There are 2 protein chains.
Amino acid sequence: MNRISVLLVDDHLVVRSGLKALLATQPDIDVIGEAATGEEGLQAARELSPDVVMMDLAMGPGIDGIEAIQRLRQAKPRQAILVFTTYDSDADIVRAVDAGAMGYLLKDAAPEEIFSAVRGAVQGRSVMSAPVASRLFQQLRNPDELLTPREAELLSLLTQGLSNRELGKRLFISEATVKTHLAHIYAKLGVETRAAAIAVAIRREGMR
Amino acid sequence: MNRISVLLVDDHLVVRSGLKALLATQPDIDVIGEAATGEEGLQAARELSPDVVMMDLAMGPGIDGIEAIQRLRQAKPRQAILVFTTYDSDADIVRAVDAGAMGYLLKDAAPEEIFSAVRGAVQGRSVMSAPVASRLFQQLRNPDELLTPREAELLSLLTQGLSNRELGKRLFISEATVKTHLAHIYAKLGVETRAAAIAVAIRREGMR
DNA sequence: AGGCACCTCAGACTTTTGGCTGATACCTCG
DNA sequence: CGAGGTATCAGCCAAAAGTCTGAGGTGCCT
């Protein structure tokens, strides 16, 4: 079997070296490159054509992980991308998977889990940490369950194209409260603008 | 045949009395109530349960015609609503029909046209003044024809939830130009925010 | 040549959104 | 009773969106 080439993209040196050392214990895995920023990661991916790119999501200024994933997939659709990060917010998970990540690992994952994720990724299998998987499943099965009744109500009106002021009037709450609800909705849907939220919500309606 | 009960909602007294007198010439039509504002109209509609509500679109402060129509349809989905107004802008027509109006009459419509609109409305037929009908047909048949190729392209990307900046980058044009296109698109779709534009566009996609 | 539709852009200005922090109140579950 | 989830609201600030006016360039049709 060919050895698996891996590119590490993470802004923390310690994480990179730790991961590198860990992966070095596996005879079938080679870390062939490292990068500290999204830009460097893209560059390195182009030059090295690794089998798997392991990438952090949060990487200081410049391109963030999500965008890096999107570009990578555009440039090299067949390259497997593993997200390797600290946090497991709903939004990040959905966005990363949406952007084209093959797997989603938390940094406290067990070594065996990491190895199998790398091996699985090259075979087209997607592997994710247990807590991540359960969240994602919940999202996919019925994302609305994550929205509170009030939030769902707001979202429904939102898809009518109403403004915050109008939403407030319609629901007899202040604009401030509308904003609060919206912020929660955006986080749960994995978007950051009302435009995207509407797009997601309406398209999902149609799928039912 | 039962007589048709009509509620008039218009902020101009002269219009109401004129219309009332006109309708009084018809043996099968009864004007059972009048209202001068959107709020009063809703109230009266609840109390009187008329067969047909004839409503102006522009009605000073408070609830406007469009909103009144939406609420009426929510409260009494089976009640026929006729818009009776002075203007025939594309935007108003689309929004009114969208909100659930059964017909759309201009105030300079011929008496016979008005009578037949009222009678048609209770039978579920929708009647509109000729100039209105032609505009609406154009819109409905293929609204995209009204959009220039560039605008359609923009709209399509808009429904992905992109920001003006992103739209500009994607299309290799400045943000200023994006704004210009958007303003045109809003006018043609009869909306005034990107949120509403997205809602309209995506829902229309689904209908095809 | 002139008119017309379309695409492009700028600057200035107002309104709307969104992010952040923090706060109160209610309810339910353990 | 305390913890957590939900719903409500405020104030501040930065960014984005939207409006208006004006304008230059292209290409097409008459």
# chains A, B, ... in the order shown; residues from 1 in each chain; ligands from 1

call {"tool": "interface_residues", "arguments": {"of": "chain A", "to": "chain C", "cutoff": "10 Å", "atoms": "only C-alpha atoms (C1' of nucleotides)", "output": "short mmCIF file (atom, residue, chain, number, x, y, z; two decimals) with C-alpha atoms, in the first residue's frame"}}
result
data_model
loop_
_atom_site.label_atom_id
_atom_site.label_comp_id
_atom_site.auth_asym_id
_atom_site.auth_seq_id
_atom_site.Cartn_x
_atom_site.Cartn_y
_atom_site.Cartn_z
CA SER A 163 -36.86 43.95 8.31
CA ASN A 164 -35.91 43.90 11.98
CA ARG A 165 -38.32 46.69 12.68
CA LYS A 179 -31.43 41.06 16.91
CA THR A 180 -30.73 38.69 19.74
CA LEU A 182 -31.41 36.54 14.82
CA ALA A 183 -27.89 36.20 16.16
CA GLU A 192 -23.68 35.25 9.28
CA THR A 193 -26.13 37.33 7.33
CA ARG A 194 -29.86 37.39 7.06
#

call {"tool": "closest_atom_pairs", "arguments": {"of": "chain D", "to": "chain B", "cutoff": "9 Å", "atoms": "only C-alpha atoms (C1' of nucleotides)", "output": "JSON lines"}}
result
{"residue": "D:DA16", "atom": "C1'", "partner": "B:Ser163", "partner_atom": "CA", "distance": 8.1}
{"residue": "D:DA17", "atom": "C1'", "partner": "B:Asn164", "partner_atom": "CA", "distance": 8.2}
{"residue": "D:DG18", "atom": "C1'", "partner": "B:Lys179", "partner_atom": "CA", "distance": 7.8}
{"residue": "D:DT19", "atom": "C1'", "partner": "B:Ala183", "partner_atom": "CA", "distance": 8.8}

call {"tool": "interface_residues", "arguments": {"of": "chain A", "to": "chain B", "cutoff": "6 Å", "atoms": "only C-alpha atoms", "output": "number ranges by chain"}}
result
A: 159, 161, 195-196, 199

call {"tool": "write_last_selection", "arguments": {"atoms": "N, CA and C atoms", "output": "mmCIF file, in the first residue's frame"}}
result
data_model
loop_
_atom_site.group_PDB
_atom_site.id
_atom_site.type_symbol
_atom_site.label_atom_id
_atom_site.label_comp_id
_atom_site.auth_asym_id
_atom_site.auth_seq_id
_atom_site.Cartn_x
_atom_site.Cartn_y
_atom_site.Cartn_z
ATOM 1 N N THR A 159 -38.203 34.805 6.312
ATOM 2 C CA THR A 159 -38.227 34.365 4.918
ATOM 3 C C THR A 159 -39.288 35.087 4.110
ATOM 4 N N GLY A 161 -39.073 38.217 4.069
ATOM 5 C CA GLY A 161 -38.319 39.396 3.683
ATOM 6 C C GLY A 161 -38.520 40.589 4.602
ATOM 7 N N ALA A 195 -29.370 37.398 4.723
ATOM 8 C CA ALA A 195 -29.531 36.931 3.355
ATOM 9 C C ALA A 195 -29.273 35.431 3.266
ATOM 10 N N ALA A 196 -28.170 35.011 3.829
ATOM 11 C CA ALA A 196 -27.822 33.598 3.783
ATOM 12 C C ALA A 196 -28.826 32.772 4.584
ATOM 13 N N ALA A 199 -31.818 32.248 2.501
ATOM 14 C CA ALA A 199 -31.533 31.289 1.440
ATOM 15 C C ALA A 199 -31.586 29.874 1.986
#

call {"tool": "residues_around", "arguments": {"residues": "Gln123 in chain A", "least_positions_apart": "6", "cutoff": "12 Å", "atoms": "only C-alpha atoms (C1' of nucleotides)", "output": "PyMOL selection string"}}
result
chain A and resi 4+51-52+78-81+102-103+116-117

call {"tool": "write_last_selection", "arguments": {"atoms": "N, CA, C and O atoms", "output": "short mmCIF file (atom, residue, chain, number, x, y, z; two decimals), in the first residue's frame"}}
result
data_model
loop_
_atom_site.label_atom_id
_atom_site.label_comp_id
_atom_site.auth_asym_id
_atom_site.auth_seq_id
_atom_site.Cartn_x
_atom_site.Cartn_y
_atom_site.Cartn_z
N ILE A 4 0.64 7.37 2.95
CA ILE A 4 -0.27 8.51 2.86
C ILE A 4 0.47 9.80 3.17
O ILE A 4 1.09 9.93 4.22
N ASP A 51 -2.06 13.78 -0.03
CA ASP A 51 -3.29 12.99 -0.06
C ASP A 51 -4.33 13.60 0.87
O ASP A 51 -5.52 13.61 0.58
N VAL A 52 -3.84 14.09 2.00
CA VAL A 52 -4.75 14.63 3.01
C VAL A 52 -4.23 15.97 3.53
O VAL A 52 -3.04 16.12 3.76
N ARG A 78 -10.35 16.41 -5.47
CA ARG A 78 -10.17 15.03 -5.02
C ARG A 78 -9.33 14.92 -3.77
O ARG A 78 -9.10 13.83 -3.26
N GLN A 79 -8.80 16.06 -3.32
CA GLN A 79 -7.96 16.03 -2.14
C GLN A 79 -8.82 15.97 -0.88
O GLN A 79 -9.77 16.72 -0.74
N ALA A 80 -8.46 15.08 0.02
CA ALA A 80 -9.23 14.96 1.25
C ALA A 80 -8.81 16.02 2.25
O ALA A 80 -7.63 16.30 2.43
N ILE A 81 -9.81 16.62 2.88
CA ILE A 81 -9.52 17.66 3.86
C ILE A 81 -10.10 17.26 5.22
O ILE A 81 -11.27 16.91 5.32
N MET A 102 -13.82 16.45 4.72
CA MET A 102 -14.11 15.01 4.77
C MET A 102 -14.33 14.54 6.20
O MET A 102 -14.98 13.54 6.45
N GLY A 103 -13.69 15.23 7.12
CA GLY A 103 -13.80 14.80 8.50
C GLY A 103 -13.62 15.97 9.43
O GLY A 103 -13.18 17.05 9.02
N SER A 116 -7.11 6.76 12.19
CA SER A 116 -8.15 6.15 11.35
C SER A 116 -8.86 7.21 10.52
O SER A 116 -9.35 6.92 9.43
N ALA A 117 -8.89 8.43 11.02
CA ALA A 117 -9.50 9.50 10.24
C ALA A 117 -8.66 9.77 9.00
O ALA A 117 -9.18 9.93 7.90
#

call {"tool": "atom_distance", "arguments": {"atom1": "CA of Leu23 in chain A", "atom2": "CA of Ser49 in chain A"}}
result
18.0 Å

call {"tool": "residues_around", "arguments": {"residues": "His12 in chain B", "least_positions_apart": "5", "cutoff": "10 Å", "atoms": "only C-alpha atoms (C1' of nucleotides)", "output": "compact mmCIF listing (two decimals) with C-alpha atoms, in the first residue's frame"}}
result
# COMPACT_ATOMS: atom_id res chain seq x y z
CA SER B 17 -69.24 57.57 -1.09
CA ALA B 35 -63.45 52.05 6.92
CA ALA B 36 -60.90 54.81 6.51
CA THR B 37 -57.72 53.10 7.70
CA ASP B 56 -57.05 51.10 -1.39
CA MET B 59 -53.80 54.78 3.29

call {"tool": "atom_distance", "arguments": {"atom1": "CA of Asp28 in chain B", "atom2": "CA of Ala68 in chain B"}}
result
26.3 Å

call {"tool": "closest_residue", "arguments": {"among": "A:Glu153, A:Leu189, A:Leu171, A:Thr177", "to": "DT8 in chain D", "atoms": "only C-alpha atoms (C1' of nucleotides)"}}
result
A:Thr177

call {"tool": "atom_distance", "arguments": {"atom1": "CA of Arg46 in chain A", "atom2": "CA of Leu167 in chain B"}}
result
26.1 Å
